[in-house]
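Asker: See upload20.csv below, with CSV, C-alpha atoms and all ligand atoms.
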```csv
chain,number,residue,atom,x,y,z
A,248,MET,CA,12.2,0.5,-9.2
A,249,ASP,CA,10.1,3.7,-8.9
A,250,LEU,CA,7.6,3.5,-6.1
A,251,LEU,CA,4.6,5.6,-5.3
A,252,ALA,CA,4.1,7.1,-1.8
A,253,CYS,CA,1.4,8.2,0.6
A,254,PRO,CA,0.3,11.7,-0.3
A,255,LYS,CA,0.1,12.7,3.3
A,256,CYS,CA,3.3,11.4,4.9
A,257,GLY,CA,5.4,10.0,2.1
A,258,SER,CA,5.6,6.5,3.3
A,259,GLU,CA,6.1,3.8,0.6
A,260,LEU,CA,4.5,1.0,2.7
A,261,PHE,CA,0.8,0.2,2.5
A,262,VAL,CA,-1.5,-2.4,4.1
A,263,SER,CA,-4.6,-4.0,2.7
A,264,THR,CA,-6.7,-3.5,5.8
A,265,ARG,CA,-6.7,-1.8,9.2
A,266,GLN,CA,-8.3,-4.8,10.9
A,267,GLY,CA,-7.4,-8.5,10.9
A,268,GLU,CA,-4.8,-10.2,8.7
A,269,ARG,CA,-3.2,-7.8,6.3
A,270,ILE,CA,-0.9,-7.8,3.3
A,271,VAL,CA,2.0,-5.3,3.5
A,272,PHE,CA,3.0,-4.0,0.1
A,273,GLN,CA,4.4,-1.1,-2.0
A,274,MET,CA,3.0,0.4,-5.2
A,275,ASP,CA,5.1,0.7,-8.3
A,276,ALA,CA,4.9,3.5,-10.8
A,277,GLU,CA,2.2,1.7,-12.9
A,278,ARG,CA,0.1,1.4,-9.7
A,279,ASN,CA,0.6,-2.3,-9.4
A,280,PRO,CA,1.1,-3.7,-5.9
A,281,VAL,CA,4.6,-5.0,-5.0
A,282,ILE,CA,4.3,-7.5,-2.1
A,283,ALA,CA,7.3,-7.3,0.2
A,284,GLN,CA,6.9,-10.7,1.8
A,285,PRO,CA,4.6,-12.9,-0.3
A,286,ASP,CA,5.6,-16.0,1.6
A,287,ARG,CA,4.3,-14.5,4.8
A,288,ILE,CA,0.7,-13.7,3.7
A,289,ALA,CA,-1.9,-15.3,5.9
A,290,ALA,CA,-4.5,-17.4,4.1
A,291,ASP,CA,-7.2,-15.2,5.4
A,292,ALA,CA,-5.5,-11.9,4.8
A,293,ALA,CA,-7.6,-9.2,3.3
A,294,PRO,CA,-6.9,-8.8,-0.5
A,295,ILE,CA,-5.4,-5.6,-1.9
A,296,ASN,CA,-8.2,-3.3,-3.1
A,297,PRO,CA,-6.7,-0.6,-5.4
A,298,GLY,CA,-9.7,1.6,-4.6
A,299,ARG,CA,-8.9,1.5,-0.9
A,300,LEU,CA,-5.3,1.4,0.3
A,301,TYR,CA,-4.2,2.1,3.8
A,302,CYS,CA,-0.9,3.8,4.6
A,303,GLY,CA,1.3,1.8,6.8
A,304,ALA,CA,2.7,4.8,8.6
A,305,CYS,CA,-0.2,7.3,9.1
A,306,ALA,CA,-4.0,7.4,9.0
A,307,TRP,CA,-4.3,8.1,5.3
A,308,GLN,CA,-6.5,5.8,3.2
A,309,GLY,CA,-7.5,6.2,-0.4
A,310,ALA,CA,-7.3,5.0,-3.9
A,311,ALA,CA,-4.2,4.1,-5.9
A,312,GLN,CA,-4.8,7.1,-8.2
A,313,GLU,CA,-4.2,9.4,-5.2
A,314,LEU,CA,-0.7,8.2,-4.6
A,315,VAL,CA,2.2,10.5,-5.4
A,316,GLU,CA,5.7,9.9,-6.7
A,317,SER,CA,8.1,9.0,-3.9
A,318,ARG,CA,10.6,11.7,-3.0
A,319,MET,CA,12.8,9.2,-1.1
B,1,ZN,ZN,0.9,8.1,5.2
```
Show how you would write the structure in this file as structure tokens.

Answerer:
Amino acid sequence: MDLLACPKCGSELFVSTRQGERIVFQMDAERNPVIAQPDRIAADAAPINPGRLYCGACAWQGAAQELVESRM
């Protein structure tokens, strides 16, 4: 599966929010979220907003359109 990566650090892991319960996910080549652990999402977790993604590894935040092809 081809994944997209953070344009700043290259991480393939993103989170739905910086605060509170979050969803951890990856983004496929069609810019659809791929949820790593769907059975572990809290009921009150912030939903994934394609217009505002947060990198799981650095301070980057931005829209799905800004992601780059993973080089990993
Ligand atoms: Zn990053």

Asker: Given all atoms listed in the file, how would the per-residue table for chain A near ligand ZN 1 (chain B) read, listing every residue at most 6 Å away with its closest atom pair and distance in Å to one decimal, sorted by chain and number, as a Markdown table?

Answerer:
```
| residue | atom | partner | partner_atom | distance |
| --- | --- | --- | --- | --- |
| A:Cys253 | CA | B:ZN1 | ZN | 4.6 |
| A:Lys255 | CA | B:ZN1 | ZN | 5.0 |
| A:Cys256 | CA | B:ZN1 | ZN | 4.1 |
| A:Gly257 | CA | B:ZN1 | ZN | 5.8 |
| A:Ser258 | CA | B:ZN1 | ZN | 5.3 |
| A:Cys302 | CA | B:ZN1 | ZN | 4.7 |
| A:Ala304 | CA | B:ZN1 | ZN | 5.1 |
| A:Cys305 | CA | B:ZN1 | ZN | 4.1 |
| A:Trp307 | CA | B:ZN1 | ZN | 5.2 |
```

Asker: I need the chosen residues saved as a CSV table (one decimal), keeping the file's coordinate frame, with C-alpha atoms.

Answerer:
```
chain,number,residue,atom,x,y,z
A,253,CYS,CA,1.4,8.2,0.6
A,255,LYS,CA,0.1,12.7,3.3
A,256,CYS,CA,3.3,11.4,4.9
A,257,GLY,CA,5.4,10.0,2.1
A,258,SER,CA,5.6,6.5,3.3
A,302,CYS,CA,-0.9,3.8,4.6
A,304,ALA,CA,2.7,4.8,8.6
A,305,CYS,CA,-0.2,7.3,9.1
A,307,TRP,CA,-4.3,8.1,5.3
```

Asker: Figure out the distance between atom CA of Ala293 of chain A and atom CA of Pro254 of chain A, please, to one decimal in Å.

Answerer: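 Rounded to one decimal, the two atoms are 22.6 Å apart.
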
Asker: Using all atoms listed in the file, find all polymer residues with an atom at most 12 Å away from the point (-2.7, -8.1, -2.1); report them as a VMD selection string.

Answerer: chain A and resid 261 to 264 268 to 274 279 to 285 287 to 297 299 to 301

Asker: How many Å separate atom CA of Ala306 of chain A from atom CA of Asp286 of chain A?

Answerer: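 It comes out at 26.4 Å.
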
Asker: At what distance in Å, to one decimal, does atom CA of Arg265 of chain A lie from atom CA of Asp249 of chain A?

Answerer: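 Those two atoms sit 25.3 Å apart.
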
Asker: If you count all atoms listed in the file, which residues fall within 8 Å of segment 275-277 of chain A, apart from same-chain ones fewer than 5 positions away, as a PyMOL selection string?

Answerer: chain A and resi 248-251+316

Asker: For the residues in that selection, give me C-alpha atoms as a PDB file, keeping the file's coordinate frame.

Answerer:
```
ATOM      1  CA  MET A 248      12.200   0.500  -9.200  1.00  0.00           C
ATOM      2  CA  ASP A 249      10.100   3.700  -8.900  1.00  0.00           C
ATOM      3  CA  LEU A 250       7.600   3.500  -6.100  1.00  0.00           C
ATOM      4  CA  LEU A 251       4.600   5.600  -5.300  1.00  0.00           C
ATOM      5  CA  GLU A 316       5.700   9.900  -6.700  1.00  0.00           C
TER       6      GLU A 316
END
```
